[in-house]
Protein chains: 2
Amino acid sequence: MSSAKTMLAQPMPPDIAPIQNVPLRVQVADRLRAAILSGGLRPGTGLVETALAEQMNVSRAPIREAIQILENDGLVETIAYKGKRVKPLTAREVSETYSLREVYEVMAVRRILESDASVDVLYAHCDTMRAAADAQDFAALVAADEAFHHALILLADHDLLLASWKNLYLRIHQIMALRNRDESNLAEVAGNHPPIVDALAARDTDRAIALISEHTRTLDEVDPASIVDTQ
Amino acid sequence: MSSAKTMLAQPMPPDIAPIQNVPLRVQVADRLRAAILSGGLRPGTGLVETALAEQMNVSRAPIREAIQILENDGLVETIAYKGKRVKPLTAREVSETYSLREVYEVMAVRRILESDASVDVLYAHCDTMRAAADAQDFAALVAADEAFHHALILLADHDLLLASWKNLYLRIHQIMALRNRDESNLAEVAGNHPPIVDALAARDTDRAIALISEHTRTLDEVDPASIVDTQ
DNA sequence: AACGAATGGATTGTCGACATTCCACAGTCG
DNA sequence: CGACTGTGGAATGTCGACAATCCATTCGTT
């Protein structure tokens, strides 16, 4: 923490982001992850190190490490000496993902109500979702929805829960990208959230938990069979 | 799947284990993990790739990948260009670990009681624990305890939960190894489990959940401050 | 004496080449 | 014709060397 006193009094340009050295493996991992989460790389697609290395103009080492990162994310699986591929998504896995997410969010609700944290920040996300729904902007609604649940987990003030939730949410991202989205009821999705915040604000544990459970569970029921990709 | 019919009718020697090729990175990761979980490598210890490579007589590549595996296990953390070290264990992290474990096991109990799975297998583990307690064998008791909880999670029939629980339990292993074990009440630990199974067998959801919650929570209360290792 | 630049050592990051393994397809012997 | 054996390609697994980066320490400069 070098004190500002010792530095020349140069006015700091406010909006120049710090130039940071991003290792190649991270760049590669980010790009591959984005491709998987957007649905561009479908489950079952083989990932060949040499091909990716040539394509991205780097050596195999960072590719290998990037793929291992994605493996930790649960997005890629390796079969020794045979190949790596985007992890197939079975109906069972989709169901398990959502059921675990429900448990995480219920845990967050419990912890929030046991603490004295304010839940006002959640209302802002509700407004964003409402605006996105009014504009019929599906992508914005999804983003706002994630922001809402992210904020909910953050309020629980539990680093391990946050890390686990983030990891799980990667797959939810992927699932939502692959699902043939029925953009029918944007308003309904947006409308589901404010009652949750109301229950939290009213410190009504049972109602908050019931609402959160129902909320995550209904998402699960949206046709999981449509994205199965096995073999 | 070559059928046995097509092979020469040689009597298969029954007790020759299949020779399997274990990649170096896995061997390295297993050894390092064992060292960490046994407390030999204490939190905060630096892991230098070149030193480990020379010591284990392999190149840096498998060492790097092994360390990344341990990073996925949550046992090691990396600071770019600076070093890797065994992740320090803070009191907060210990607390969070146990609270998440409680949530996992409660989820398992819920699922078991929603299914029609038999919980008889759990009684066998209870017997093993009882025997270990009678013999004042602390290590055996810990192993049997893990086997019990592992079996409990297995009964929930939820692959993602199982994977998450296993990953979490790695850290519990580490915590227990570092804790100055008070071997006072082996019998009490062993005696805590049968009531849980009884409640499960009786399909008493509330009692089972209450017992499991209390069980994991009491473990948390055993002096977490003794193993803090920060900086 | 205090500040900032430069140097050196240690560690990770990346690279290209070689070794190992597996699978599939052919080939050969009965 | 059928089953075992051999061979080749393709992929991962491993290696040693070099580059990039960070940190602490030293060295000049004012």
# chains A, B, ... in the order shown; residues from 1 in each chain; ligands from 1
$ interface_residues --of "chain D" --to "chain B" --cutoff "8 Å" --atoms "only C-alpha atoms (C1' of nucleotides)" --output "CSV table (one decimal) with C-alpha atoms (C1' of nucleotides), in the first residue's frame"
chain,number,residue,atom,x,y,z
D,3,DA,C1',-10.0,-65.4,-34.6
D,13,DG,C1',1.1,-37.7,-21.9
D,14,DT,C1',5.7,-36.1,-20.8
D,15,DC,C1',9.9,-33.7,-21.3
D,21,DT,C1',6.8,-11.7,-14.7
D,22,DC,C1',7.2,-10.3,-10.0
$ residues_around --residues "B:Thr216" --least-positions-apart "5" --cutoff "9 Å" --atoms "only C-alpha atoms (C1' of nucleotides)" --output "PyMOL selection string"
chain B and resi 98-99+101-102+105+211
$ write_last_selection --atoms "N, CA and C atoms" --output "short mmCIF file (atom, residue, chain, number, x, y, z; two decimals), in the first residue's frame"
data_model
loop_
_atom_site.label_atom_id
_atom_site.label_comp_id
_atom_site.auth_asym_id
_atom_site.auth_seq_id
_atom_site.Cartn_x
_atom_site.Cartn_y
_atom_site.Cartn_z
N TYR B 98 -18.57 -26.62 7.30
CA TYR B 98 -19.49 -27.46 8.05
C TYR B 98 -20.95 -27.06 7.81
N SER B 99 -21.17 -25.78 7.62
CA SER B 99 -22.56 -25.38 7.38
C SER B 99 -23.04 -25.88 6.03
N ARG B 101 -21.92 -28.55 4.58
CA ARG B 101 -22.07 -29.98 4.74
C ARG B 101 -23.43 -30.30 5.36
N GLU B 102 -23.81 -29.51 6.31
CA GLU B 102 -25.12 -29.73 6.93
C GLU B 102 -26.22 -29.65 5.88
N GLU B 105 -26.29 -32.76 3.72
CA GLU B 105 -26.79 -33.98 4.35
C GLU B 105 -28.28 -33.87 4.63
N LEU B 211 -31.87 -34.27 13.76
CA LEU B 211 -30.72 -35.02 14.27
C LEU B 211 -29.49 -34.79 13.40
#
$ interface_residues --of "chain C" --to "chain B" --cutoff "12 Å" --atoms "only C-alpha atoms (C1' of nucleotides)" --output "list in words"
DA10, DT11, DT12, DG13, DT14, DT20, DT21 and DC22 of chain C
$ write_last_selection --atoms "C-alpha atoms (C1' of nucleotides)" --output "JSON list (two decimals), in the first residue's frame"
[["chain", "number", "residue", "atom", "x", "y", "z"],
["C", 10, "DA", "C1'", 13.21, -17.04, -8.17],
["C", 11, "DT", "C1'", 8.97, -18.69, -10.00],
["C", 12, "DT", "C1'", 5.54, -19.35, -13.13],
["C", 13, "DG", "C1'", 4.08, -19.12, -18.24],
["C", 14, "DT", "C1'", 4.77, -20.87, -22.84],
["C", 20, "DT", "C1'", 3.07, -43.44, -24.96],
["C", 21, "DT", "C1'", -1.31, -45.12, -25.53],
["C", 22, "DC", "C1'", -5.48, -46.39, -27.70]]
$ closest_atom_pairs --of "chain B" --to "chain A" --cutoff "12 Å" --atoms "only C-alpha atoms" --output "JSON lines"
{"residue": "B:Gln20", "atom": "CA", "partner": "A:Ala80", "partner_atom": "CA", "distance": 11.6}
{"residue": "B:Asn21", "atom": "CA", "partner": "A:Ala80", "partner_atom": "CA", "distance": 9.7}
{"residue": "B:Val22", "atom": "CA", "partner": "A:Ala80", "partner_atom": "CA", "distance": 9.8}
{"residue": "B:Pro23", "atom": "CA", "partner": "A:Ala80", "partner_atom": "CA", "distance": 8.9}
{"residue": "B:Val26", "atom": "CA", "partner": "A:Ala80", "partner_atom": "CA", "distance": 11.5}
{"residue": "B:Arg60", "atom": "CA", "partner": "A:Ala61", "partner_atom": "CA", "distance": 11.8}
{"residue": "B:Ala61", "atom": "CA", "partner": "A:Ala61", "partner_atom": "CA", "distance": 8.8}
{"residue": "B:Pro62", "atom": "CA", "partner": "A:Glu65", "partner_atom": "CA", "distance": 11.3}
{"residue": "B:Arg64", "atom": "CA", "partner": "A:Glu65", "partner_atom": "CA", "distance": 9.1}
{"residue": "B:Glu65", "atom": "CA", "partner": "A:Glu65", "partner_atom": "CA", "distance": 7.6}
{"residue": "B:Ala66", "atom": "CA", "partner": "A:Gln68", "partner_atom": "CA", "distance": 10.7}
{"residue": "B:Ile67", "atom": "CA", "partner": "A:Glu65", "partner_atom": "CA", "distance": 11.2}
{"residue": "B:Gln68", "atom": "CA", "partner": "A:Gln68", "partner_atom": "CA", "distance": 7.9}
{"residue": "B:Ile69", "atom": "CA", "partner": "A:Gln68", "partner_atom": "CA", "distance": 8.3}
{"residue": "B:Leu70", "atom": "CA", "partner": "A:Asn72", "partner_atom": "CA", "distance": 10.5}
{"residue": "B:Glu71", "atom": "CA", "partner": "A:Asn72", "partner_atom": "CA", "distance": 9.1}
{"residue": "B:Asn72", "atom": "CA", "partner": "A:Asn72", "partner_atom": "CA", "distance": 5.9}
{"residue": "B:Asp73", "atom": "CA", "partner": "A:Asn72", "partner_atom": "CA", "distance": 8.9}
{"residue": "B:Gly74", "atom": "CA", "partner": "A:Leu160", "partner_atom": "CA", "distance": 10.3}
{"residue": "B:Ala80", "atom": "CA", "partner": "A:Pro23", "partner_atom": "CA", "distance": 8.9}
{"residue": "B:Tyr81", "atom": "CA", "partner": "A:Pro23", "partner_atom": "CA", "distance": 10.1}
{"residue": "B:Thr90", "atom": "CA", "partner": "A:Asp159", "partner_atom": "CA", "distance": 11.8}
{"residue": "B:Arg92", "atom": "CA", "partner": "A:His158", "partner_atom": "CA", "distance": 9.0}
{"residue": "B:Glu93", "atom": "CA", "partner": "A:Leu160", "partner_atom": "CA", "distance": 7.5}
{"residue": "B:Val94", "atom": "CA", "partner": "A:Leu160", "partner_atom": "CA", "distance": 10.0}
{"residue": "B:Ser95", "atom": "CA", "partner": "A:His158", "partner_atom": "CA", "distance": 9.7}
{"residue": "B:Glu96", "atom": "CA", "partner": "A:Leu160", "partner_atom": "CA", "distance": 6.4}
{"residue": "B:Thr97", "atom": "CA", "partner": "A:Leu160", "partner_atom": "CA", "distance": 7.1}
{"residue": "B:Tyr98", "atom": "CA", "partner": "A:Leu160", "partner_atom": "CA", "distance": 10.3}
{"residue": "B:Ser99", "atom": "CA", "partner": "A:Leu161", "partner_atom": "CA", "distance": 9.4}
{"residue": "B:Leu100", "atom": "CA", "partner": "A:Leu161", "partner_atom": "CA", "distance": 7.1}
{"residue": "B:Arg101", "atom": "CA", "partner": "A:Leu161", "partner_atom": "CA", "distance": 10.6}
{"residue": "B:Glu102", "atom": "CA", "partner": "A:Met107", "partner_atom": "CA", "distance": 10.2}
{"residue": "B:Val103", "atom": "CA", "partner": "A:Met107", "partner_atom": "CA", "distance": 7.3}
{"residue": "B:Tyr104", "atom": "CA", "partner": "A:Val103", "partner_atom": "CA", "distance": 8.3}
{"residue": "B:Glu105", "atom": "CA", "partner": "A:Val103", "partner_atom": "CA", "distance": 11.0}
{"residue": "B:Val106", "atom": "CA", "partner": "A:Val103", "partner_atom": "CA", "distance": 9.6}
{"residue": "B:Met107", "atom": "CA", "partner": "A:Val103", "partner_atom": "CA", "distance": 7.3}
{"residue": "B:Ala108", "atom": "CA", "partner": "A:Val103", "partner_atom": "CA", "distance": 10.7}
{"residue": "B:Arg110", "atom": "CA", "partner": "A:Val103", "partner_atom": "CA", "distance": 11.0}
{"residue": "B:Arg111", "atom": "CA", "partner": "A:Ser99", "partner_atom": "CA", "distance": 10.5}
{"residue": "B:Ala156", "atom": "CA", "partner": "A:Glu96", "partner_atom": "CA", "distance": 11.2}
{"residue": "B:Asp157", "atom": "CA", "partner": "A:Glu96", "partner_atom": "CA", "distance": 9.9}
{"residue": "B:His158", "atom": "CA", "partner": "A:Glu96", "partner_atom": "CA", "distance": 6.7}
{"residue": "B:Asp159", "atom": "CA", "partner": "A:Glu96", "partner_atom": "CA", "distance": 7.6}
{"residue": "B:Leu160", "atom": "CA", "partner": "A:Glu96", "partner_atom": "CA", "distance": 6.4}
{"residue": "B:Leu161", "atom": "CA", "partner": "A:Leu100", "partner_atom": "CA", "distance": 7.1}
{"residue": "B:Leu162", "atom": "CA", "partner": "A:Glu96", "partner_atom": "CA", "distance": 10.7}
{"residue": "B:Ala163", "atom": "CA", "partner": "A:Gly74", "partner_atom": "CA", "distance": 10.7}
{"residue": "B:Ser164", "atom": "CA", "partner": "A:Ser164", "partner_atom": "CA", "distance": 8.5}
{"residue": "B:Trp165", "atom": "CA", "partner": "A:Ser164", "partner_atom": "CA", "distance": 11.1}
{"residue": "B:Asn167", "atom": "CA", "partner": "A:Ser164", "partner_atom": "CA", "distance": 10.7}
{"residue": "B:Leu168", "atom": "CA", "partner": "A:Leu160", "partner_atom": "CA", "distance": 9.7}
{"residue": "B:Arg171", "atom": "CA", "partner": "A:Leu160", "partner_atom": "CA", "distance": 11.7}
$ select_by_dssp --residues "stretch 27-149 of chain B" --states "strand (DSSP E or B)" --output "PyMOL selection string"
chain B and resi 46-47+76-79+83-86
